[in-house]
file data_13.pdb (PDB, C-alpha atoms)
ATOM      1  CA  MET A   1      -2.497  28.964 -25.832
ATOM      2  CA  GLN A   2      -2.930  28.156 -29.498
ATOM      3  CA  TRP A   3      -6.550  28.990 -30.291
ATOM      4  CA  ASN A   4      -6.998  32.004 -32.513
ATOM      5  CA  SER A   5     -10.687  32.345 -31.694
ATOM      6  CA  VAL A   6     -13.505  30.675 -29.767
ATOM      7  CA  SER A   7     -14.883  29.204 -32.994
ATOM      8  CA  ASP A   8     -11.454  27.700 -33.709
ATOM      9  CA  PHE A   9     -11.598  26.043 -30.318
ATOM     10  CA  PHE A  10     -15.006  24.513 -30.999
ATOM     11  CA  ALA A  11     -13.972  23.477 -34.523
ATOM     12  CA  MET A  12     -10.954  21.514 -33.204
ATOM     13  CA  GLY A  13      -9.210  21.717 -36.557
ATOM     14  CA  GLY A  14     -12.011  19.823 -38.283
ATOM     15  CA  TYR A  15     -12.152  17.044 -35.706
ATOM     16  CA  ALA A  16     -14.944  18.646 -33.669
ATOM     17  CA  PHE A  17     -17.348  15.694 -33.883
ATOM     18  CA  TYR A  18     -14.720  13.178 -32.809
ATOM     19  CA  VAL A  19     -13.023  15.197 -30.058
ATOM     20  CA  TRP A  20     -16.136  16.767 -28.537
ATOM     21  CA  GLY A  21     -18.003  13.512 -29.000
ATOM     22  CA  SER A  22     -15.356  11.681 -26.972
ATOM     23  CA  PHE A  23     -15.075  14.256 -24.205
ATOM     24  CA  GLY A  24     -18.833  14.801 -24.119
ATOM     25  CA  LEU A  25     -19.610  11.102 -23.846
ATOM     26  CA  THR A  26     -17.007  10.636 -21.108
ATOM     27  CA  ALA A  27     -18.407  13.571 -19.143
ATOM     28  CA  ALA A  28     -21.977  12.335 -19.617
ATOM     29  CA  VAL A  29     -21.103   8.833 -18.412
ATOM     30  CA  MET A  30     -19.352  10.168 -15.304
ATOM     31  CA  VAL A  31     -22.166  12.552 -14.413
ATOM     32  CA  LEU A  32     -24.820   9.888 -14.976
ATOM     33  CA  GLU A  33     -22.916   7.365 -12.899
ATOM     34  CA  THR A  34     -22.704   9.697  -9.906
ATOM     35  CA  LEU A  35     -26.372  10.648 -10.225
ATOM     36  CA  LEU A  36     -27.320   6.990 -10.427
ATOM     37  CA  ILE A  37     -25.432   6.131  -7.245
ATOM     38  CA  ARG A  38     -27.056   9.052  -5.481
ATOM     39  CA  SER A  39     -30.571   8.082  -6.580
ATOM     40  CA  GLN A  40     -29.963   4.452  -5.612
ATOM     41  CA  ARG A  41     -28.971   5.614  -2.154
ATOM     42  CA  THR A  42     -32.076   7.808  -1.806
ATOM     43  CA  GLU A  43     -34.342   4.960  -2.861
ATOM     44  CA  LEU A  44     -32.569   2.520  -0.560
ATOM     45  CA  LEU A  45     -32.894   4.831   2.448
ATOM     46  CA  ARG A  46     -36.561   5.434   1.682
ATOM     47  CA  ASN A  47     -37.262   1.714   1.451
ATOM     48  CA  LEU A  48     -35.352   0.917   4.629
ATOM     49  CA  ARG A  49     -37.139   3.667   6.566
ATOM     50  CA  ASN A  50     -40.520   2.437   5.344
ATOM     51  CA  GLU A  51     -39.630  -1.075   6.412
ATOM     52  CA  LEU A  52     -38.620   0.239   9.819
ATOM     53  CA  LEU A  53     -41.873   2.165  10.211
ATOM     54  CA  SER A  54     -44.059  -0.746   9.203
ATOM     55  CA  GLU A  55     -42.136  -3.019  11.569
ATOM     56  CA  ARG A  56     -42.752  -0.642  14.445
ATOM     57  CA  ASN A  57     -46.416  -0.142  13.573
ATOM     58  CA  SER A  58     -47.179  -3.822  13.324
ATOM     59  CA  SER A  59     -45.448  -4.832  16.559
TER      60      SER A  59
ATOM     61  CA  MET B   1       4.560   9.765  23.774
ATOM     62  CA  THR B   2       1.737   7.355  23.153
ATOM     63  CA  THR B   3       1.407   5.298  20.007
ATOM     64  CA  ARG B   4      -2.036   4.615  18.643
ATOM     65  CA  VAL B   5      -2.463   1.269  17.030
ATOM     66  CA  ILE B   6      -4.888   1.008  14.132
ATOM     67  CA  HIS B   7      -6.580  -2.357  14.070
ATOM     68  CA  TRP B   8      -6.859  -2.618  10.301
ATOM     69  CA  PHE B   9      -8.790  -5.877  10.317
ATOM     70  CA  LYS B  10     -11.647  -4.145  12.067
ATOM     71  CA  PHE B  11     -12.461  -2.542   8.726
ATOM     72  CA  ALA B  12     -13.144  -5.962   7.232
ATOM     73  CA  SER B  13     -16.547  -5.721   8.874
ATOM     74  CA  PRO B  14     -19.151  -4.080   6.629
ATOM     75  CA  GLN B  15     -20.337  -1.987   9.548
ATOM     76  CA  SER B  16     -16.955  -0.367  10.205
ATOM     77  CA  PHE B  17     -16.149   0.038   6.543
ATOM     78  CA  TYR B  18     -19.501   1.706   5.844
ATOM     79  CA  PHE B  19     -18.602   4.630   8.072
ATOM     80  CA  LEU B  20     -14.963   4.759   6.960
ATOM     81  CA  ALA B  21     -16.028   4.874   3.302
ATOM     82  CA  GLY B  22     -18.510   7.593   4.217
ATOM     83  CA  ARG B  23     -15.710   9.762   5.539
ATOM     84  CA  LEU B  24     -13.316   9.015   2.680
ATOM     85  CA  TRP B  25     -15.247   9.318  -0.555
ATOM     86  CA  PRO B  26     -15.870  13.105  -0.485
ATOM     87  CA  GLY B  27     -12.124  13.721  -0.240
ATOM     88  CA  PHE B  28     -11.436  11.505  -3.242
ATOM     89  CA  ALA B  29     -14.225  13.208  -5.177
ATOM     90  CA  ALA B  30     -12.774  16.644  -4.443
ATOM     91  CA  VAL B  31      -9.272  15.596  -5.531
ATOM     92  CA  ALA B  32     -10.770  14.022  -8.665
ATOM     93  CA  ALA B  33     -12.542  17.272  -9.542
ATOM     94  CA  VAL B  34      -9.369  19.326  -9.128
ATOM     95  CA  LEU B  35      -7.235  16.904 -11.134
ATOM     96  CA  MET B  36      -9.896  16.749 -13.845
ATOM     97  CA  ALA B  37      -9.959  20.555 -14.110
ATOM     98  CA  VAL B  38      -6.164  20.740 -14.313
ATOM     99  CA  GLY B  39      -6.034  17.830 -16.757
ATOM    100  CA  LEU B  40      -8.636  19.372 -19.050
ATOM    101  CA  TRP B  41      -6.789  22.669 -18.956
ATOM    102  CA  ILE B  42      -3.568  20.962 -20.030
ATOM    103  CA  SER B  43      -5.430  18.902 -22.644
ATOM    104  CA  PHE B  44      -6.857  21.901 -24.432
ATOM    105  CA  PHE B  45      -4.646  24.880 -23.613
ATOM    106  CA  VAL B  46      -1.149  23.599 -22.873
ATOM    107  CA  ALA B  47      -0.660  20.523 -25.037
ATOM    108  CA  PRO B  48       0.360  21.637 -28.539
ATOM    109  CA  THR B  49      -1.063  20.631 -31.898
ATOM    110  CA  ASP B  50       0.161  17.301 -33.182
ATOM    111  CA  ALA B  51       2.263  17.270 -36.347
ATOM    112  CA  GLN B  52       0.355  14.385 -37.943
ATOM    113  CA  GLN B  53      -3.038  14.315 -36.284
ATOM    114  CA  GLY B  54      -3.681  18.006 -35.680
ATOM    115  CA  GLN B  55      -6.248  18.537 -32.943
ATOM    116  CA  GLY B  56      -7.738  15.064 -33.317
ATOM    117  CA  TYR B  57      -5.104  13.453 -31.102
ATOM    118  CA  ARG B  58      -6.603  15.188 -28.050
ATOM    119  CA  ILE B  59      -8.943  12.234 -27.717
ATOM    120  CA  ILE B  60      -5.911  10.595 -26.107
ATOM    121  CA  PHE B  61      -6.672  12.541 -22.928
ATOM    122  CA  VAL B  62      -9.859  10.550 -22.327
ATOM    123  CA  HIS B  63      -9.179   7.408 -24.323
ATOM    124  CA  VAL B  64      -5.982   6.360 -22.504
ATOM    125  CA  PRO B  65      -7.327   7.004 -18.972
ATOM    126  CA  ALA B  66     -10.550   5.117 -19.722
ATOM    127  CA  SER B  67      -8.644   2.177 -21.204
ATOM    128  CA  GLN B  68      -6.155   2.008 -18.362
ATOM    129  CA  MET B  69      -8.890   2.194 -15.764
ATOM    130  CA  SER B  70     -10.907  -0.538 -17.472
ATOM    131  CA  MET B  71      -7.898  -2.854 -17.157
ATOM    132  CA  PHE B  72      -6.839  -1.838 -13.678
ATOM    133  CA  ILE B  73     -10.345  -1.971 -12.230
ATOM    134  CA  TYR B  74     -10.658  -5.511 -13.550
ATOM    135  CA  LEU B  75      -7.435  -6.505 -11.784
ATOM    136  CA  VAL B  76      -8.576  -4.931  -8.517
ATOM    137  CA  MET B  77     -12.039  -6.457  -8.886
ATOM    138  CA  ALA B  78     -10.523  -9.895  -9.481
ATOM    139  CA  ALA B  79      -8.225  -9.407  -6.464
ATOM    140  CA  TRP B  80     -11.152  -8.580  -4.184
ATOM    141  CA  ALA B  81     -13.140 -11.473  -5.605
ATOM    142  CA  GLY B  82     -10.219 -13.818  -5.043
ATOM    143  CA  LEU B  83      -9.796 -12.631  -1.455
ATOM    144  CA  GLY B  84     -13.496 -13.160  -0.830
ATOM    145  CA  LEU B  85     -13.316 -16.641  -2.246
ATOM    146  CA  ALA B  86     -10.235 -17.509  -0.170
ATOM    147  CA  PHE B  87     -11.181 -15.928   3.167
ATOM    148  CA  ASN B  88     -14.965 -16.026   2.845
ATOM    149  CA  THR B  89     -15.205 -12.329   3.745
ATOM    150  CA  ARG B  90     -18.483 -10.609   2.832
ATOM    151  CA  LEU B  91     -16.964  -7.191   2.265
ATOM    152  CA  SER B  92     -14.528  -8.458  -0.382
ATOM    153  CA  GLY B  93     -17.390  -9.611  -2.585
ATOM    154  CA  MET B  94     -19.148  -6.294  -1.986
ATOM    155  CA  MET B  95     -16.068  -4.372  -3.145
ATOM    156  CA  ALA B  96     -15.830  -6.456  -6.309
ATOM    157  CA  SER B  97     -19.504  -5.759  -7.020
ATOM    158  CA  ALA B  98     -18.977  -2.058  -6.357
ATOM    159  CA  LEU B  99     -16.181  -1.856  -8.914
ATOM    160  CA  ALA B 100     -17.787  -3.820 -11.739
ATOM    161  CA  PRO B 101     -20.182  -1.172 -13.131
ATOM    162  CA  THR B 102     -17.480   1.495 -13.227
ATOM    163  CA  GLY B 103     -15.079  -0.881 -14.953
ATOM    164  CA  ALA B 104     -17.724  -1.803 -17.518
ATOM    165  CA  LEU B 105     -18.433   1.852 -18.249
ATOM    166  CA  PHE B 106     -14.741   2.587 -18.758
ATOM    167  CA  ALA B 107     -14.343  -0.398 -21.076
ATOM    168  CA  PHE B 108     -17.297   0.922 -23.057
ATOM    169  CA  LEU B 109     -15.788   4.428 -23.159
ATOM    170  CA  SER B 110     -12.426   2.998 -24.215
ATOM    171  CA  LEU B 111     -14.026   1.294 -27.195
ATOM    172  CA  VAL B 112     -16.211   4.227 -28.233
ATOM    173  CA  THR B 113     -13.559   6.949 -27.843
ATOM    174  CA  GLY B 114     -11.194   4.606 -29.656
ATOM    175  CA  ALA B 115     -13.674   4.288 -32.518
ATOM    176  CA  LEU B 116     -14.109   8.065 -32.610
ATOM    177  CA  TRP B 117     -10.339   8.344 -32.863
ATOM    178  CA  GLY B 118      -9.951   5.526 -35.369
ATOM    179  CA  LYS B 119     -12.481   6.790 -37.876
ATOM    180  CA  PRO B 120     -10.643  10.002 -38.815
ATOM    181  CA  MET B 121      -7.124   8.579 -38.372
ATOM    182  CA  TRP B 122      -7.360   4.995 -39.642
ATOM    183  CA  GLY B 123     -10.460   5.414 -41.773
ATOM    184  CA  ALA B 124     -12.352   2.744 -39.852
ATOM    185  CA  TRP B 125     -14.677   2.759 -36.845
ATOM    186  CA  TRP B 126     -13.537  -0.750 -35.983
ATOM    187  CA  VAL B 127     -10.926  -3.337 -36.894
ATOM    188  CA  TRP B 128     -10.595  -6.841 -35.471
ATOM    189  CA  ASP B 129      -7.127  -6.051 -34.229
ATOM    190  CA  ALA B 130      -5.680  -7.794 -31.153
ATOM    191  CA  ARG B 131      -6.016  -4.926 -28.696
ATOM    192  CA  LEU B 132      -9.482  -3.807 -29.767
ATOM    193  CA  THR B 133     -10.820  -7.359 -29.781
ATOM    194  CA  SER B 134      -9.409  -8.210 -26.367
ATOM    195  CA  GLU B 135     -10.803  -4.942 -24.925
ATOM    196  CA  LEU B 136     -14.199  -5.910 -26.347
ATOM    197  CA  ILE B 137     -13.833  -9.267 -24.592
ATOM    198  CA  LEU B 138     -13.061  -7.337 -21.392
ATOM    199  CA  LEU B 139     -16.356  -5.481 -21.783
ATOM    200  CA  PHE B 140     -18.160  -8.806 -22.231
ATOM    201  CA  LEU B 141     -16.461 -10.140 -19.092
ATOM    202  CA  TYR B 142     -17.683  -7.134 -17.105
ATOM    203  CA  LEU B 143     -21.201  -7.497 -18.484
ATOM    204  CA  GLY B 144     -21.077 -11.221 -17.740
ATOM    205  CA  PHE B 145     -20.045 -10.468 -14.162
ATOM    206  CA  LEU B 146     -22.961  -8.055 -13.723
ATOM    207  CA  ALA B 147     -25.449 -10.416 -15.370
ATOM    208  CA  LEU B 148     -24.284 -13.399 -13.326
ATOM    209  CA  GLN B 149     -24.563 -11.378 -10.143
ATOM    210  CA  SER B 150     -28.133 -10.329 -10.796
ATOM    211  CA  SER B 151     -29.154 -13.823 -11.858
ATOM    212  CA  ILE B 152     -28.307 -15.463  -8.508
ATOM    213  CA  ASP B 153     -30.578 -14.591  -5.598
ATOM    214  CA  ASP B 154     -28.337 -15.383  -2.650
ATOM    215  CA  PRO B 155     -25.650 -12.659  -2.551
ATOM    216  CA  ARG B 156     -22.991 -14.932  -1.029
ATOM    217  CA  ARG B 157     -23.435 -17.535  -3.758
ATOM    218  CA  ALA B 158     -23.532 -14.815  -6.392
ATOM    219  CA  ASP B 159     -20.248 -13.453  -5.050
ATOM    220  CA  LYS B 160     -18.610 -16.880  -5.287
ATOM    221  CA  ALA B 161     -19.776 -17.489  -8.859
ATOM    222  CA  CYS B 162     -18.732 -14.010  -9.938
ATOM    223  CA  ALA B 163     -15.381 -14.448  -8.231
ATOM    224  CA  VAL B 164     -14.648 -17.501 -10.362
ATOM    225  CA  LEU B 165     -15.662 -15.596 -13.485
ATOM    226  CA  ALA B 166     -13.496 -12.627 -12.529
ATOM    227  CA  LEU B 167     -10.462 -14.793 -11.810
ATOM    228  CA  VAL B 168     -10.789 -16.836 -14.989
ATOM    229  CA  GLY B 169     -11.124 -13.647 -17.033
ATOM    230  CA  VAL B 170      -8.097 -11.953 -15.512
ATOM    231  CA  VAL B 171      -5.821 -13.601 -18.097
ATOM    232  CA  ASN B 172      -7.352 -11.193 -20.623
ATOM    233  CA  VAL B 173      -5.761  -8.135 -19.017
ATOM    234  CA  PRO B 174      -2.113  -8.979 -19.789
ATOM    235  CA  ILE B 175      -3.283 -10.012 -23.260
ATOM    236  CA  ILE B 176      -4.690  -6.539 -23.825
ATOM    237  CA  TYR B 177      -1.563  -4.944 -22.404
ATOM    238  CA  PHE B 178       0.998  -6.957 -24.371
ATOM    239  CA  SER B 179      -1.072  -7.311 -27.550
ATOM    240  CA  VAL B 180       0.686  -4.407 -29.249
ATOM    241  CA  LYS B 181       4.033  -6.057 -28.544
ATOM    242  CA  TRP B 182       3.117  -9.665 -29.309
ATOM    243  CA  TRP B 183       1.137  -9.179 -32.514
ATOM    244  CA  ASN B 184       1.306  -7.066 -35.617
ATOM    245  CA  THR B 185      -1.488  -4.667 -34.674
ATOM    246  CA  LEU B 186      -2.982  -1.524 -36.149
ATOM    247  CA  HIS B 187      -3.234  -0.036 -32.656
ATOM    248  CA  GLN B 188      -0.288   2.111 -31.632
ATOM    249  CA  GLY B 189       2.447   0.566 -29.529
ATOM    250  CA  ALA B 190       3.582   1.728 -26.109
ATOM    251  CA  SER B 191       4.838   5.322 -25.987
ATOM    252  CA  VAL B 192       5.634   5.194 -22.306
ATOM    253  CA  SER B 193       7.810   2.500 -20.735
ATOM    254  CA  LEU B 194       9.761   1.935 -17.556
ATOM    255  CA  ASN B 195      13.087   1.544 -19.312
ATOM    256  CA  SER B 196      13.359   4.454 -21.712
ATOM    257  CA  ALA B 197      12.339   8.077 -22.132
ATOM    258  CA  PRO B 198       8.777   8.618 -23.362
ATOM    259  CA  SER B 199       8.396   9.150 -27.072
ATOM    260  CA  MET B 200       5.765  11.793 -26.441
ATOM    261  CA  ALA B 201       6.073  15.563 -25.967
ATOM    262  CA  THR B 202       6.210  16.468 -22.277
ATOM    263  CA  PRO B 203       3.052  18.635 -22.146
ATOM    264  CA  MET B 204       1.103  15.822 -23.805
ATOM    265  CA  LEU B 205       2.495  13.283 -21.365
ATOM    266  CA  LEU B 206       1.692  15.561 -18.444
ATOM    267  CA  GLY B 207      -1.884  15.992 -19.595
ATOM    268  CA  MET B 208      -2.301  12.270 -20.016
ATOM    269  CA  LEU B 209      -0.876  11.474 -16.562
ATOM    270  CA  THR B 210      -3.020  14.130 -14.896
ATOM    271  CA  MET B 211      -6.153  12.756 -16.523
ATOM    272  CA  VAL B 212      -5.181   9.194 -15.540
ATOM    273  CA  ALA B 213      -4.775  10.359 -11.929
ATOM    274  CA  ALA B 214      -8.142  12.145 -12.112
ATOM    275  CA  PHE B 215      -9.841   8.978 -13.368
ATOM    276  CA  TRP B 216      -8.190   6.992 -10.557
ATOM    277  CA  MET B 217      -9.527   9.341  -7.874
ATOM    278  CA  TYR B 218     -12.950   9.349  -9.513
ATOM    279  CA  THR B 219     -13.011   5.536  -9.541
ATOM    280  CA  ILE B 220     -12.098   5.281  -5.866
ATOM    281  CA  ALA B 221     -14.742   7.862  -4.893
ATOM    282  CA  VAL B 222     -17.427   6.120  -6.945
ATOM    283  CA  ALA B 223     -16.497   2.633  -5.670
ATOM    284  CA  LEU B 224     -16.576   3.787  -2.037
ATOM    285  CA  ALA B 225     -19.949   5.477  -2.528
ATOM    286  CA  ARG B 226     -21.391   2.474  -4.315
ATOM    287  CA  VAL B 227     -20.139  -0.051  -1.771
ATOM    288  CA  ARG B 228     -22.001   1.911   0.902
ATOM    289  CA  ASN B 229     -25.225   1.278  -1.013
ATOM    290  CA  ILE B 230     -24.356  -2.400  -1.361
ATOM    291  CA  ILE B 231     -23.588  -2.688   2.349
ATOM    292  CA  LEU B 232     -26.911  -1.083   3.312
ATOM    293  CA  GLU B 233     -28.782  -3.366   0.944
ATOM    294  CA  ARG B 234     -27.152  -6.580   2.070
ATOM    295  CA  GLU B 235     -26.994  -5.819   5.786
ATOM    296  CA  ARG B 236     -30.501  -4.370   5.950
ATOM    297  CA  HIS B 237     -31.648  -6.758   8.672
ATOM    298  CA  THR B 238     -28.935  -5.833  11.155
ATOM    299  CA  GLU B 239     -29.452  -3.508  14.092
ATOM    300  CA  TRP B 240     -26.731  -1.102  13.093
ATOM    301  CA  VAL B 241     -28.314  -0.469   9.686
ATOM    302  CA  LYS B 242     -31.651   0.172  11.324
ATOM    303  CA  HIS B 243     -30.017   2.779  13.531
ATOM    304  CA  ALA B 244     -27.991   4.251  10.687
ATOM    305  CA  VAL B 245     -30.954   4.976   8.425
ATOM    306  CA  GLU B 246     -33.141   6.660  11.010
TER     307      GLU B 246
END
call {"tool": "encode", "arguments": {"input": "data_13.pdb", "output": "structure tokens"}}
result
Amino acid sequence: MQWNSVSDFFAMGGYAFYVWGSFGLTAAVMVLETLLIRSQRTELLRNLRNELLSERNSS
Amino acid sequence: MTTRVIHWFKFASPQSFYFLAGRLWPGFAAVAAVLMAVGLWISFFVAPTDAQQGQGYRIIFVHVPASQMSMFIYLVMAAWAGLGLAFNTRLSGMMASALAPTGALFAFLSLVTGALWGKPMWGAWWVWDARLTSELILLFLYLGFLALQSSIDDPRRADKACAVLALVGVVNVPIIYFSVKWWNTLHQGASVSLNSAPSMATPMLLGMLTMVAAFWMYTIAVALARVRNIILERERHTEWVKHAVE
């Protein structure tokens, strides 16, 4: 372990913006992608169930 | 002793694959999470400071995995598209469509993390160097694939058109890969090869490989989850989907 303090860790030797920007963006993209897939699934299931219900009601 | 035969071709049906993917993706997600945690630990607490770039080089631990995945996903996507075109299988086109958004996002991340690395080290956010330009073209190919798909109403026809696009564009991937060897580029050459020892410190290499593995597992989990959505959408009028969503 080479960090002398927590603030050294966040400072990243002066490259904080570039390093944390890269890791932060990557993390954000991955989290958003998973949330998007999940919300697409929820919406899809809701739509399909509604279709099913309206089919049954109209027949 | 009885031997159980797995009839692999059964999983070419969207119905069978839907349930198989449902059982598989959580495992891949869990492995991805573990590998990511280990990889991040190595990236920040094991890998030493670089002699020339100080702490800035740590971007390598997300830049290289994203770049590699953007290339590999394209190859896999083109393979699925090609199979779908050749054998007229619905699920192949669905797999290609499931992979495209993830590949596009990784190409985007490759370019942006590369720019964030280039600015402090090269002094420029962007140069029209061979590797950067061909990676940008890869992003455009992905976006073209997604745009073409959404522009054609019939999914089977969309799959065929996108398959041709994917296959034509696949020539770009070896161009990206060999660009640093073929041309005089600003981008760094290969540090890892099959024939000689890596020119990188072992903890750094280990961190990079762990993160690459993590990104691989993540991609598989995401593609399997997404293809389930695509299957439900496209097969919505079948009986099995109606039973599955109740």
call {"tool": "resolve_selection", "arguments": {"input": "data_13.pdb", "expression": "the PyMOL selection byres ((chain A and resi 9-15) around 10)", "output": "count of residues only"}}
result
26
call {"tool": "residues_around", "arguments": {"input": "data_13.pdb", "residues": "Ile176 of chain B", "least_positions_apart": "6", "cutoff": "12 Å", "atoms": "all atoms listed in the file", "output": "count of residues only"}}
result
26
call {"tool": "interface_residues", "arguments": {"input": "data_13.pdb", "of": "chain B", "to": "chain A", "cutoff": "9 Å", "atoms": "all atoms listed in the file", "output": "count of residues only"}}
result
42
call {"tool": "resolve_selection", "arguments": {"input": "data_13.pdb", "expression": "the PyMOL selection byres ((chain B and resi 98) around 12)", "output": "compact mmCIF listing (two decimals) with C-alpha atoms, in the frame of the given file"}}
result
# COMPACT_ATOMS: atom_id res chain seq x y z
CA ILE A 37 -25.43 6.13 -7.24
CA ILE B 73 -10.34 -1.97 -12.23
CA TYR B 74 -10.66 -5.51 -13.55
CA VAL B 76 -8.58 -4.93 -8.52
CA MET B 77 -12.04 -6.46 -8.89
CA ALA B 78 -10.52 -9.90 -9.48
CA TRP B 80 -11.15 -8.58 -4.18
CA ALA B 81 -13.14 -11.47 -5.60
CA LEU B 91 -16.96 -7.19 2.26
CA SER B 92 -14.53 -8.46 -0.38
CA GLY B 93 -17.39 -9.61 -2.58
CA MET B 94 -19.15 -6.29 -1.99
CA MET B 95 -16.07 -4.37 -3.14
CA ALA B 96 -15.83 -6.46 -6.31
CA SER B 97 -19.50 -5.76 -7.02
CA LEU B 99 -16.18 -1.86 -8.91
CA ALA B 100 -17.79 -3.82 -11.74
CA PRO B 101 -20.18 -1.17 -13.13
CA THR B 102 -17.48 1.50 -13.23
CA GLY B 103 -15.08 -0.88 -14.95
CA ALA B 104 -17.72 -1.80 -17.52
CA TYR B 142 -17.68 -7.13 -17.10
CA PHE B 145 -20.05 -10.47 -14.16
CA LEU B 146 -22.96 -8.06 -13.72
CA GLN B 149 -24.56 -11.38 -10.14
CA ASP B 159 -20.25 -13.45 -5.05
CA THR B 219 -13.01 5.54 -9.54
CA ILE B 220 -12.10 5.28 -5.87
CA ALA B 221 -14.74 7.86 -4.89
CA VAL B 222 -17.43 6.12 -6.94
CA ALA B 223 -16.50 2.63 -5.67
CA LEU B 224 -16.58 3.79 -2.04
CA ALA B 225 -19.95 5.48 -2.53
CA ARG B 226 -21.39 2.47 -4.32
CA VAL B 227 -20.14 -0.05 -1.77
CA ARG B 228 -22.00 1.91 0.90
CA ASN B 229 -25.22 1.28 -1.01
CA ILE B 230 -24.36 -2.40 -1.36
CA ILE B 231 -23.59 -2.69 2.35
call {"tool": "axis_aligned_box", "arguments": {"input": "data_13.pdb", "around": "segment 153-156 of chain B", "padding_each_side": "5 Å", "output": "lines of an AutoDock Vina configuration file"}}
result
center_x = -26.8
center_y = -14.0
center_z = -3.3
size_x = 17.6
size_y = 12.7
size_z = 14.6
call {"tool": "atom_distance", "arguments": {"input": "data_13.pdb", "atom1": "atom CA of Asp50 of chain B", "atom2": "atom CA of Ser199 of chain B"}}
result
13.1 Å
call {"tool": "atom_distance", "arguments": {"input": "data_13.pdb", "atom1": "atom CA of Trp122 of chain B", "atom2": "atom CA of Leu141 of chain B"}}
result
27.1 Å
call {"tool": "resolve_selection", "arguments": {"input": "data_13.pdb", "expression": "the PyMOL selection byres ((chain B and resi 203) around 10)", "output": "mmCIF file with C-alpha atoms, in the frame of the given file"}}
result
data_model
loop_
_atom_site.group_PDB
_atom_site.id
_atom_site.type_symbol
_atom_site.label_atom_id
_atom_site.label_comp_id
_atom_site.auth_asym_id
_atom_site.auth_seq_id
_atom_site.Cartn_x
_atom_site.Cartn_y
_atom_site.Cartn_z
ATOM 1 C CA ILE B 42 -3.568 20.962 -20.030
ATOM 2 C CA SER B 43 -5.430 18.902 -22.644
ATOM 3 C CA VAL B 46 -1.149 23.599 -22.873
ATOM 4 C CA ALA B 47 -0.660 20.523 -25.037
ATOM 5 C CA PRO B 48 0.360 21.637 -28.539
ATOM 6 C CA MET B 200 5.765 11.793 -26.441
ATOM 7 C CA ALA B 201 6.073 15.563 -25.967
ATOM 8 C CA THR B 202 6.210 16.468 -22.277
ATOM 9 C CA MET B 204 1.103 15.822 -23.805
ATOM 10 C CA LEU B 205 2.495 13.283 -21.365
ATOM 11 C CA LEU B 206 1.692 15.561 -18.444
ATOM 12 C CA GLY B 207 -1.884 15.992 -19.595
ATOM 13 C CA MET B 208 -2.301 12.270 -20.016
ATOM 14 C CA LEU B 209 -0.876 11.474 -16.562
#
call {"tool": "closest_residue", "arguments": {"input": "data_13.pdb", "among": "B:Gly84, B:Pro26, B:Pro174, B:Pro65", "to": "Ala158 of chain B", "atoms": "only C-alpha atoms"}}
result
B:Gly84
call {"tool": "atom_distance", "arguments": {"input": "data_13.pdb", "atom1": "atom CA of Trp25 of chain B", "atom2": "atom CA of Ile6 of chain B"}}
result
19.8 Å
call {"tool": "closest_residue", "arguments": {"input": "data_13.pdb", "among": "B:Ala124, B:Leu143, B:Pro14, B:Leu186", "to": "Cys162 of chain B", "atoms": "only C-alpha atoms"}}
result
B:Leu143
